[in-house]
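Visitor: What follows is target-v5.txt, compact mmCIF, C-alpha atoms.
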```txt
# COMPACT_ATOMS: atom_id res chain seq x y z
CA MET A 102 11.78 0.34 22.28
CA GLN A 103 13.95 -1.56 19.83
CA ILE A 104 15.57 0.34 16.94
CA GLY A 105 16.29 -1.29 13.59
CA ILE A 106 17.05 -0.41 9.98
CA PHE A 107 14.74 -0.59 6.96
CA THR A 108 16.09 -0.42 3.42
CA GLY A 109 16.06 -2.00 0.02
CA VAL A 110 18.99 -4.10 -1.16
CA THR A 111 19.80 -3.95 -4.87
CA ASP A 112 22.58 -4.73 -7.29
CA GLU A 113 23.69 -1.11 -6.85
CA SER A 114 23.67 -0.95 -3.05
CA ILE A 115 25.90 -2.24 -0.28
CA GLY A 116 25.75 -6.03 -0.26
CA PRO A 117 23.49 -7.88 2.19
CA ALA A 118 26.24 -9.45 4.30
CA ASP A 119 28.24 -6.23 4.68
CA LEU A 120 25.05 -4.32 5.42
CA ALA A 121 23.90 -6.76 8.09
CA ARG A 122 27.29 -6.84 9.84
CA ALA A 123 27.41 -3.04 9.85
CA VAL A 124 23.87 -2.80 11.25
CA GLU A 125 24.63 -5.27 14.05
CA ASP A 126 28.04 -3.76 14.84
CA ARG A 127 26.45 -0.33 15.38
CA GLY A 128 24.02 -1.64 17.95
CA PHE A 129 20.82 -1.82 15.91
CA GLU A 130 18.48 -4.64 16.83
CA SER A 131 17.08 -5.59 13.43
CA LEU A 132 17.25 -5.29 9.65
CA PHE A 133 14.10 -5.26 7.53
CA VAL A 134 14.12 -5.24 3.73
CA ALA A 135 11.60 -4.50 1.01
CA GLU A 136 10.19 -6.55 -1.87
CA HIS A 137 9.10 -5.99 -5.45
CA THR A 138 9.48 -8.92 -7.81
CA HIS A 139 9.50 -6.57 -10.82
CA ILE A 140 8.11 -3.28 -12.10
CA PRO A 141 5.95 -3.54 -15.22
CA VAL A 142 7.00 -1.30 -18.09
CA THR A 143 3.49 0.14 -18.42
CA VAL A 144 1.97 1.28 -15.12
CA THR A 145 -1.24 3.22 -14.57
CA THR A 146 -1.55 2.57 -10.81
CA PRO A 147 -0.69 5.80 -8.96
CA TYR A 148 2.48 5.54 -6.89
CA PRO A 149 1.62 6.24 -3.22
CA GLY A 150 4.63 8.55 -2.93
CA GLY A 151 3.06 10.85 -5.49
CA ASP A 152 5.88 10.92 -8.05
CA GLU A 153 7.47 8.33 -10.29
CA ILE A 154 8.19 4.84 -8.98
CA PRO A 155 11.69 5.00 -7.47
CA HIS A 156 14.60 3.59 -9.44
CA ASP A 157 15.47 1.19 -6.59
CA TYR A 158 12.12 -0.59 -6.90
CA HIS A 159 13.22 -2.01 -10.26
CA ARG A 160 16.31 -3.64 -8.80
CA ASN A 161 15.44 -5.26 -5.44
CA LEU A 162 17.14 -8.53 -4.60
CA ASP A 163 14.82 -11.28 -3.46
CA PRO A 164 14.29 -10.58 0.26
CA PHE A 165 14.74 -14.19 1.37
CA VAL A 166 18.07 -14.46 -0.42
CA THR A 167 19.12 -11.10 1.04
CA LEU A 168 18.15 -12.13 4.56
CA SER A 169 19.87 -15.51 4.25
CA PHE A 170 23.15 -13.67 3.69
CA ALA A 171 22.29 -11.27 6.51
CA ALA A 172 21.59 -14.11 8.93
CA ALA A 173 24.81 -15.93 8.03
CA ALA A 174 26.86 -12.76 8.59
CA THR A 175 25.46 -11.93 12.05
CA GLN A 176 24.84 -13.49 15.46
CA ARG A 177 22.04 -11.55 17.14
CA LEU A 178 20.39 -9.40 14.48
CA ARG A 179 16.66 -9.88 13.99
CA ILE A 180 15.82 -10.06 10.28
CA GLY A 181 12.53 -9.36 8.56
CA THR A 182 10.56 -8.25 5.54
CA ALA A 183 8.72 -4.96 5.15
CA VAL A 184 6.90 -6.25 3.35
CA THR A 185 6.60 -9.68 1.74
CA LEU A 186 3.99 -9.51 -1.00
CA VAL A 187 2.12 -12.65 0.03
CA VAL A 188 -0.48 -12.26 -2.72
CA GLN A 189 2.30 -12.68 -5.29
CA ARG A 190 3.76 -15.88 -3.79
CA ASP A 191 2.71 -19.53 -3.65
CA PRO A 192 1.79 -20.21 0.00
CA ILE A 193 3.29 -23.71 0.21
CA ILE A 194 6.63 -22.48 -1.14
CA LEU A 195 6.52 -19.33 1.00
CA ALA A 196 5.80 -21.40 4.12
CA LYS A 197 8.89 -23.49 3.31
CA GLU A 198 11.04 -20.36 2.77
CA VAL A 199 9.95 -18.75 6.02
CA ALA A 200 10.45 -21.90 8.07
CA SER A 201 13.83 -22.60 6.47
CA LEU A 202 15.10 -19.08 7.12
CA ASP A 203 13.80 -19.10 10.69
CA LEU A 204 15.56 -22.41 11.33
CA ALA A 205 18.81 -21.42 9.64
CA SER A 206 18.93 -18.09 11.52
CA GLY A 207 18.25 -19.66 14.91
CA GLY A 208 14.76 -18.21 15.22
CA ARG A 209 15.53 -14.62 14.23
CA PHE A 210 13.11 -14.11 11.32
CA GLU A 211 10.00 -11.90 11.33
CA LEU A 212 7.45 -11.75 8.50
CA GLY A 213 6.07 -8.35 7.59
CA VAL A 214 3.25 -8.68 5.04
CA GLY A 215 1.14 -6.39 2.89
CA VAL A 216 -1.33 -6.73 0.07
CA GLY A 217 0.63 -4.31 -2.12
CA TRP A 218 -0.44 -1.34 -4.19
CA LEU A 219 0.89 -1.98 -7.73
CA ARG A 220 -2.02 -3.57 -9.61
CA GLU A 221 -0.02 -4.41 -12.72
CA GLU A 222 2.60 -6.28 -10.68
CA MET A 223 -0.11 -8.37 -9.00
CA ARG A 224 -1.82 -9.21 -12.28
CA ASN A 225 1.45 -10.52 -13.69
CA HIS A 226 1.40 -13.06 -10.85
CA GLY A 227 -2.18 -14.07 -11.67
CA THR A 228 -3.64 -12.16 -8.71
CA ASP A 229 -6.87 -10.18 -9.03
CA PRO A 230 -6.29 -6.91 -7.13
CA ARG A 231 -9.95 -6.84 -6.11
CA THR A 232 -9.59 -9.98 -3.99
CA ARG A 233 -6.06 -9.46 -2.67
CA VAL A 234 -7.11 -8.81 0.95
CA ALA A 235 -9.08 -12.06 1.20
CA LEU A 236 -6.32 -13.91 -0.66
CA GLN A 237 -3.65 -12.70 1.76
CA ARG A 238 -5.73 -13.81 4.73
CA GLU A 239 -6.20 -17.33 3.39
CA ARG A 240 -2.55 -17.71 2.46
CA LEU A 241 -1.43 -16.62 5.94
CA LEU A 242 -3.89 -19.01 7.59
CA ALA A 243 -2.79 -21.83 5.29
CA MET A 244 0.90 -21.19 6.02
CA THR A 245 0.23 -21.16 9.76
CA ASN A 246 -1.45 -24.51 9.35
CA ILE A 247 1.65 -25.87 7.59
CA TRP A 248 3.96 -24.49 10.30
CA THR A 249 1.96 -25.89 13.20
CA HIS A 250 0.69 -29.29 12.05
CA ARG A 251 2.39 -32.58 11.20
CA GLN A 252 -0.25 -33.11 8.55
CA ALA A 253 -1.52 -29.81 7.20
CA GLU A 254 -4.49 -29.16 4.97
CA PHE A 255 -6.51 -26.12 3.97
CA HIS A 256 -9.71 -25.65 2.02
CA GLY A 257 -10.73 -22.08 1.23
CA ASP A 258 -11.96 -19.94 -1.62
CA PHE A 259 -8.44 -19.10 -2.84
CA VAL A 260 -6.18 -21.71 -1.24
CA ASP A 261 -7.00 -25.40 -1.38
CA PHE A 262 -4.80 -28.39 -0.63
CA ASP A 263 -5.30 -31.86 0.81
CA PRO A 264 -3.21 -33.19 3.74
CA LEU A 265 0.52 -32.73 3.24
CA TYR A 266 3.82 -33.03 5.07
CA SER A 267 6.17 -30.07 5.10
CA TRP A 268 9.35 -29.58 7.09
CA PRO A 269 11.23 -27.81 8.55
CA LYS A 270 8.96 -26.23 11.10
CA PRO A 271 9.92 -22.75 12.33
CA VAL A 272 12.01 -22.45 15.47
CA GLN A 273 9.61 -19.77 16.73
CA GLN A 274 6.30 -21.34 17.60
CA PRO A 275 3.53 -21.25 16.76
CA ARG A 276 5.14 -19.20 13.97
CA PRO A 277 7.55 -16.33 13.42
CA PRO A 278 5.94 -12.97 14.25
CA VAL A 279 3.60 -11.78 11.48
CA TRP A 280 3.38 -7.99 11.12
CA LEU A 281 0.46 -6.76 9.02
CA GLY A 282 0.94 -3.56 7.06
CA GLY A 283 -1.90 -1.17 6.30
CA TRP A 284 -4.00 1.62 7.76
CA GLY A 285 -7.49 2.03 9.15
CA PRO A 286 -10.22 0.03 10.90
CA SER A 287 -10.16 -2.90 8.46
CA THR A 288 -6.42 -3.29 9.00
CA HIS A 289 -6.89 -3.39 12.77
CA GLN A 290 -9.59 -6.04 12.47
CA ARG A 291 -7.35 -8.13 10.23
CA ILE A 292 -4.45 -7.89 12.69
CA LEU A 293 -6.60 -9.37 15.42
CA ASP A 294 -7.85 -12.05 13.03
CA HIS A 295 -4.64 -13.40 11.50
CA ALA A 296 -1.52 -11.43 12.47
CA ASP A 297 0.56 -10.68 15.56
CA GLY A 298 1.29 -6.97 15.26
CA TRP A 299 0.86 -3.81 13.21
CA LEU A 300 3.46 -2.59 10.74
CA ALA A 301 2.35 1.04 10.53
CA PRO A 302 2.57 2.72 7.11
CA VAL A 303 5.79 4.43 6.11
CA GLY A 304 5.48 8.20 6.25
CA LEU A 305 2.42 8.25 8.51
CA PRO A 306 2.43 11.52 10.52
CA LEU A 307 3.15 10.88 14.16
CA ASP A 308 -0.16 12.32 15.36
CA GLU A 309 -2.04 9.97 13.03
CA LEU A 310 0.13 7.09 14.20
CA ALA A 311 -0.77 7.90 17.81
CA ARG A 312 -4.47 7.96 16.89
CA GLY A 313 -4.14 4.64 15.04
CA ILE A 314 -2.42 3.02 18.01
CA HIS A 315 -5.17 4.23 20.35
CA GLU A 316 -7.88 2.83 18.06
CA LEU A 317 -6.06 -0.48 17.63
CA GLN A 318 -5.52 -0.99 21.34
CA ALA A 319 -9.11 -0.02 22.11
CA LEU A 320 -10.31 -2.63 19.61
CA ALA A 321 -8.02 -5.25 21.12
CA ASP A 322 -9.33 -4.43 24.58
CA ARG A 323 -12.95 -4.80 23.42
CA HIS A 324 -12.06 -8.27 22.17
CA GLY A 325 -10.36 -9.20 25.43
CA ARG A 326 -6.94 -9.21 23.79
CA ALA A 327 -3.57 -8.06 25.10
CA PRO A 328 -2.11 -4.84 23.66
CA VAL A 329 -0.92 -5.32 20.08
CA PRO A 330 2.76 -4.57 19.37
CA VAL A 331 3.47 -1.90 16.75
CA ILE A 332 6.37 -1.18 14.40
CA ALA A 333 6.85 2.39 13.13
CA THR A 334 9.23 3.63 10.41
CA LEU A 335 11.02 6.99 10.34
CA PHE A 336 13.05 8.70 7.65
CA GLN A 337 15.58 11.35 8.63
CA PRO A 338 14.82 10.69 12.31
CA GLN A 339 15.39 13.16 15.10
CA ARG A 340 16.07 12.27 18.70
CA HIS A 341 12.87 13.81 19.99
CA GLN A 342 10.83 11.73 17.53
CA LEU A 343 12.38 8.53 18.85
CA GLN A 344 11.62 9.62 22.41
CA TYR A 345 8.00 10.34 21.45
CA LEU A 346 7.61 6.90 19.85
CA ALA A 347 9.07 5.24 22.92
CA GLU A 348 6.50 7.10 25.03
CA LEU A 349 3.75 5.78 22.74
CA GLY A 350 4.84 2.25 23.63
CA ILE A 351 6.12 1.37 20.16
CA HIS A 352 7.72 -2.09 20.08
CA ARG A 353 10.24 -1.21 17.36
CA THR A 354 11.13 1.78 15.23
CA LEU A 355 12.79 1.16 11.88
CA LEU A 356 15.02 3.91 10.51
CA GLY A 357 14.77 4.08 6.75
CA ILE A 358 17.66 4.35 4.32
CA VAL A 359 16.02 5.41 1.07
CA PRO A 360 17.22 5.57 -1.64
CA VAL A 361 19.65 2.69 -1.25
CA LEU A 362 23.32 3.57 -0.88
CA PRO A 363 26.60 2.03 -2.05
CA HIS A 364 29.00 0.55 0.46
CA ASP A 365 30.88 3.53 1.88
CA ALA A 366 27.91 5.89 1.82
CA ALA A 367 25.77 3.27 3.57
CA LEU A 368 28.32 2.87 6.37
CA HIS A 369 28.46 6.64 6.81
CA GLU A 370 24.66 6.84 7.01
CA LEU A 371 24.54 4.01 9.55
CA ASP A 372 27.07 5.90 11.68
CA ARG A 373 24.84 8.98 11.55
CA LEU A 374 21.70 7.02 12.43
CA ALA A 375 23.49 5.27 15.30
CA GLU A 376 24.51 8.64 16.77
CA VAL A 377 20.92 9.90 16.54
CA SER A 378 19.63 6.70 18.10
CA PHE A 379 22.17 5.94 20.79
CA GLY A 380 24.24 9.10 21.22
CA PRO A 381 27.86 9.85 20.29
CA HIS A 382 29.29 7.66 23.09
CA ARG A 383 27.28 4.47 22.56
```
Take the structure I supplied and represent it as structure tokens, if you would.
Guide:
Amino acid sequence: MQIGIFTGVTDESIGPADLARAVEDRGFESLFVAEHTHIPVTVTTPYPGGDEIPHDYHRNLDPFVTLSFAAAATQRLRIGTAVTLVVQRDPIILAKEVASLDLASGGRFELGVGVGWLREEMRNHGTDPRTRVALQRERLLAMTNIWTHRQAEFHGDFVDFDPLYSWPKPVQQPRPPVWLGGWGPSTHQRILDHADGWLAPVGLPLDELARGIHELQALADRHGRAPVPVIATLFQPQRHQLQYLAELGIHRTLLGIVPVLPHDAALHELDRLAEVSFGPHR
């Protein structure tokens, strides 16, 4: 099982280059970052965490800018999004961003995607929340077409373009890994349809995660598919939890740093997480 770090990066946190170097230097395999383009002033959508929307959500750096600095500052670190809000982004531009970052990083980028929960944020991008699941699917299929064809075209209900040229193509073919976030049977069906793995929800109890993995793999087996890789996320991890996830066959566990931390505090927290993950004599 690989172990990485998940966090936001803001104007108040450790910078992306320093963060990425520190993550790699401590032996972690990957760095995944979050996205919100903005937080509307007036919000009626309930926050999934149950309280007020966290302060950090207002201040996220663009994830592709963040990860560009992270890639330039490191040699081996896998970099990814958890998650890119595909329904709030133009698919032709996003395909270009993903391919460019994958090329510039030497094939180290991974695309975590989700349909999002904040209805007001979506509407400000011209997205109808009621159709966001179908919209995400079409945009992912259209981007894959761009990444894998010399002349790409797509004609759907939400995405429509005539043949076009777009370079660069990603280093990873047919595309960088696409991790679909979500929970439940519809999520599992969508993973098999247009993604490569499951990005399990943050905060999901481990017994529910185990049940979800069993259901996902059973569905894949019924469709004659290989086992689907899974990413889990832990906050305040304990060693026995990491051992349990490894026994479940998890591909990668991300250790969350939330809220974001300034430079020195972030380095201290990474030291603590490295000791939990790899022991005091790593």
Visitor: Expressed in Å to a single decimal, how great is the separation between CA of Gly207 in chain A and CA of Pro330 in chain A?
Guide: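 Between CA of Gly207 in chain A and CA of Pro330 in chain A the gap works out to 22.1 Å.
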Visitor: Which one is closest to Leu281 in chain A: A:Thr185, A:Asn225, A:Gln337, A:Ser201? Count only C-alpha atoms.
Guide: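 Using only C-alpha atoms, Leu281 in chain A sits closest to A:Thr185.
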Visitor: Provide the CA of His289 in chain A to CA of Ala321 in chain A distance in Å, to one decimal place.
Guide: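 Interatomic distance here is 8.6 Å.
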Visitor: Taking all atoms listed in the file into account, which of A:Asp229, A:Glu198, A:Asp297, A:Asp263 comes nearest Gly213 in chain A?
Guide: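 Closest residue, counting all atoms listed in the file: A:Asp297.
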Visitor: Go through range 249-313 of chain A and flag each residue having an atom no more than 10 Å from range 175-182 of chain A; for those, report the closest pair of atoms plus their distance in Å to one decimal, using only C-alpha atoms, ordered by chain and rising number, as a Markdown table.
Guide:
```
| residue | atom | partner | partner_atom | distance |
| --- | --- | --- | --- | --- |
| A:Pro277 | CA | A:Gly181 | CA | 9.8 |
| A:Pro278 | CA | A:Gly181 | CA | 9.4 |
| A:Val279 | CA | A:Gly181 | CA | 9.7 |
| A:Trp280 | CA | A:Thr182 | CA | 9.1 |
```
Visitor: Quick one: residues within 12 Å of (17.9, -13.1, 13.8) (file frame), counting all atoms listed in the file, please, as a ChimeraX atom specification.
Guide: /A:105,121-122,125,129-133,168-181,202-212,272-273,277-278
Visitor: Between CA of Ala296 in chain A and CA of Leu219 in chain A, what is the distance, to one decimal in Å?
Guide: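 A separation of 22.4 Å between them.
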Visitor: Rank nothing, just name the residue among A:Val361, A:Leu186, A:Val331, A:Ala118 nearest to Gly313 in chain A, using only C-alpha atoms.
Guide: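 Looking only at the distances to Gly313 in chain A, the closest residue turns out to be A:Val331.
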Visitor: Restricting the calculation to all atoms listed in the file: of A:His250, A:Val260, A:Glu136, A:Arg373, which residue gets closest to Asp157 in chain A?
Guide: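 Distance minimum relative to Asp157 in chain A lands on A:Glu136.
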Visitor: Which residue gives the smallest distance to Pro363 in chain A among A:Pro117, A:Gly283, A:Pro269, A:Pro328, with all atoms listed in the file counted?
Guide: A:Pro117
Visitor: Of the candidates A:Val188, A:Ile194, A:Val199, A:Thr249, which shows the shortest atom-to-atom distance to Met223 in chain A, using all atoms listed in the file?
Guide: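 Closest residue, counting all atoms listed in the file: A:Val188.
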Visitor: May I have the residues within 9 Å of Ala347 in chain A as a ChimeraX atom specification, using only C-alpha atoms and disregarding those fewer than 6 positions away in the same chain?
Guide: /A:102-103,353-354
